[in-house]
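This report concerns only the one structure given below.
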Amino acid sequence: MEIVPLGDSALVVRVRDRFEDAPEETLDVVLRALQQLRTAAIPGVIELAPAYTSIAVFFDPITIAKATETSDKVFDWLASRIRAAVAGVADPGKTPRSRSQTVEIPVCYDPEFALDIDDVARRANVSPKE
């Protein structure tokens, strides 16, 4: 993994060298690293932007400077937090733990509100009552 500055308020975290050699595996690694960074909730990180082989990490330099207690250590502090968060993600056998969340979507099958019930039933090969 390579971490390089991108201006004064962003870093590029390169998790793979090439995309073309193994595109699906590379995307999996990038997305796992993205999830790990999101889960880490590093103070001062404003936005994460994934690309083919890397993730741009945009941050608030003032927040990071306050966390490090010295403004000359911003890059080192943030890079070490990123490395810690992404540790082990380059190994395709490791999958980050994600929190599952149940989302309830209310539905109503009353013909007054389910205007497409006949079409849905026909596509599902069931009767509208089923």
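Residues in the structure tokens are numbered from 1 in each chain, the chains being A, B, ... in the order shown, and ligands are numbered from 1 in the order shown.
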Exercise. Where in chain A does DSSP assign strand (DSSP E or B), given as a list in words?
Worked result: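 After running DSSP on the backbone, chain A has strand (DSSP E or B) at Glu2, Ile3, Val4, Pro5, Ala10, Leu11, Val12, Val13, Arg14, Val45, Ile46, Glu47, Leu48, Ala49, Pro50, Ser54, Ile55, Ala56, Val57, Phe58 and Phe59 of chain A.
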Please, could you write that set of residues out with C-alpha atoms as a PDB file, in the first residue's frame?
```
ATOM      1  CA  GLU A   2       1.263   3.446  -0.897  1.00  0.00           C
ATOM      2  CA  ILE A   3      -0.012   6.689   0.635  1.00  0.00           C
ATOM      3  CA  VAL A   4       0.898   9.974  -1.063  1.00  0.00           C
ATOM      4  CA  PRO A   5      -0.246  13.558  -0.477  1.00  0.00           C
ATOM      5  CA  ALA A  10      -6.161  15.019   0.671  1.00  0.00           C
ATOM      6  CA  LEU A  11      -4.207  11.789   0.356  1.00  0.00           C
ATOM      7  CA  VAL A  12      -4.247   9.031  -2.221  1.00  0.00           C
ATOM      8  CA  VAL A  13      -4.188   5.526  -0.793  1.00  0.00           C
ATOM      9  CA  ARG A  14      -3.053   3.178  -3.555  1.00  0.00           C
ATOM     10  CA  VAL A  45     -11.758  12.647   7.348  1.00  0.00           C
ATOM     11  CA  ILE A  46     -14.422  14.416   5.318  1.00  0.00           C
ATOM     12  CA  GLU A  47     -14.843  12.212   2.257  1.00  0.00           C
ATOM     13  CA  LEU A  48     -13.574   8.987   0.717  1.00  0.00           C
ATOM     14  CA  ALA A  49     -13.529   8.650  -3.077  1.00  0.00           C
ATOM     15  CA  PRO A  50     -12.717   5.205  -4.519  1.00  0.00           C
ATOM     16  CA  SER A  54      -6.892   3.729  -5.041  1.00  0.00           C
ATOM     17  CA  ILE A  55      -8.973   5.737  -2.621  1.00  0.00           C
ATOM     18  CA  ALA A  56      -8.714   9.498  -2.235  1.00  0.00           C
ATOM     19  CA  VAL A  57      -9.034  10.567   1.393  1.00  0.00           C
ATOM     20  CA  PHE A  58     -10.138  14.175   1.807  1.00  0.00           C
ATOM     21  CA  PHE A  59      -9.624  15.635   5.261  1.00  0.00           C
TER      22      PHE A  59
END
```
Problem set entry | Filtered DSSP result for range 22-82 of chain A, state alpha helix (DSSP H), as JSON, numbers by chain | {"A": [23, 24, 25, 26, 27, 28, 29, 30, 31, 32, 33, 34, 35, 36, 37, 38, 39, 40, 61, 62, 63, 64, 65, 66, 67, 68, 74, 75, 76, 77, 78, 79, 80, 81, 82]}
Take the residues just selected and output them with C-alpha atoms as a PDB file, in the first residue's frame.
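Saved result, out_16.pdb, follows:
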```pdb
ATOM      1  CA  PRO A  23      -9.905  -6.179 -12.434  1.00  0.00           C
ATOM      2  CA  GLU A  24     -12.437  -8.023 -10.258  1.00  0.00           C
ATOM      3  CA  GLU A  25      -9.926  -8.801  -7.531  1.00  0.00           C
ATOM      4  CA  THR A  26      -8.614  -5.234  -7.627  1.00  0.00           C
ATOM      5  CA  LEU A  27     -12.100  -3.771  -7.263  1.00  0.00           C
ATOM      6  CA  ASP A  28     -12.799  -6.137  -4.372  1.00  0.00           C
ATOM      7  CA  VAL A  29      -9.632  -4.996  -2.595  1.00  0.00           C
ATOM      8  CA  VAL A  30     -10.442  -1.311  -3.171  1.00  0.00           C
ATOM      9  CA  LEU A  31     -14.010  -1.726  -1.916  1.00  0.00           C
ATOM     10  CA  ARG A  32     -12.869  -3.658   1.158  1.00  0.00           C
ATOM     11  CA  ALA A  33     -10.329  -0.936   1.943  1.00  0.00           C
ATOM     12  CA  LEU A  34     -13.041   1.691   1.472  1.00  0.00           C
ATOM     13  CA  GLN A  35     -15.297  -0.148   3.923  1.00  0.00           C
ATOM     14  CA  GLN A  36     -12.473  -0.442   6.451  1.00  0.00           C
ATOM     15  CA  LEU A  37     -11.773   3.297   6.205  1.00  0.00           C
ATOM     16  CA  ARG A  38     -15.456   4.125   6.618  1.00  0.00           C
ATOM     17  CA  THR A  39     -15.701   1.833   9.634  1.00  0.00           C
ATOM     18  CA  ALA A  40     -12.568   3.353  11.182  1.00  0.00           C
ATOM     19  CA  PRO A  61      -6.212  19.742   8.091  1.00  0.00           C
ATOM     20  CA  ILE A  62      -7.203  21.815  11.125  1.00  0.00           C
ATOM     21  CA  THR A  63      -9.043  18.911  12.753  1.00  0.00           C
ATOM     22  CA  ILE A  64      -6.102  16.601  12.058  1.00  0.00           C
ATOM     23  CA  ALA A  65      -3.602  19.170  13.385  1.00  0.00           C
ATOM     24  CA  LYS A  66      -5.617  19.447  16.620  1.00  0.00           C
ATOM     25  CA  ALA A  67      -5.649  15.656  16.961  1.00  0.00           C
ATOM     26  CA  THR A  68      -1.886  15.416  16.455  1.00  0.00           C
ATOM     27  CA  VAL A  74      -0.534  15.789   9.980  1.00  0.00           C
ATOM     28  CA  PHE A  75       0.509  13.519   7.098  1.00  0.00           C
ATOM     29  CA  ASP A  76       2.284  10.980   9.324  1.00  0.00           C
ATOM     30  CA  TRP A  77      -0.579  10.833  11.829  1.00  0.00           C
ATOM     31  CA  LEU A  78      -3.230  10.374   9.161  1.00  0.00           C
ATOM     32  CA  ALA A  79      -1.145   7.881   7.161  1.00  0.00           C
ATOM     33  CA  SER A  80      -0.607   5.733  10.260  1.00  0.00           C
ATOM     34  CA  ARG A  81      -4.352   5.758  11.015  1.00  0.00           C
ATOM     35  CA  ILE A  82      -5.114   4.787   7.423  1.00  0.00           C
TER      36      ILE A  82
END
```
Exercise. CA of Leu6 in chain A and CA of Asp21 in chain A, how far apart in Å?
Worked result: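 About the pair CA of Asp21 in chain A and CA of Leu6 in chain A: they are 25.5 Å apart.
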Problem set entry | Interatomic distance (Å, one decimal) between CA of Asp118 in chain A and CA of Glu130 in chain A | 10.9 Å
Seminar exercise, completed: The distance between CA of Thr102 in chain A and CA of Ala87 in chain A is 28.4 Å
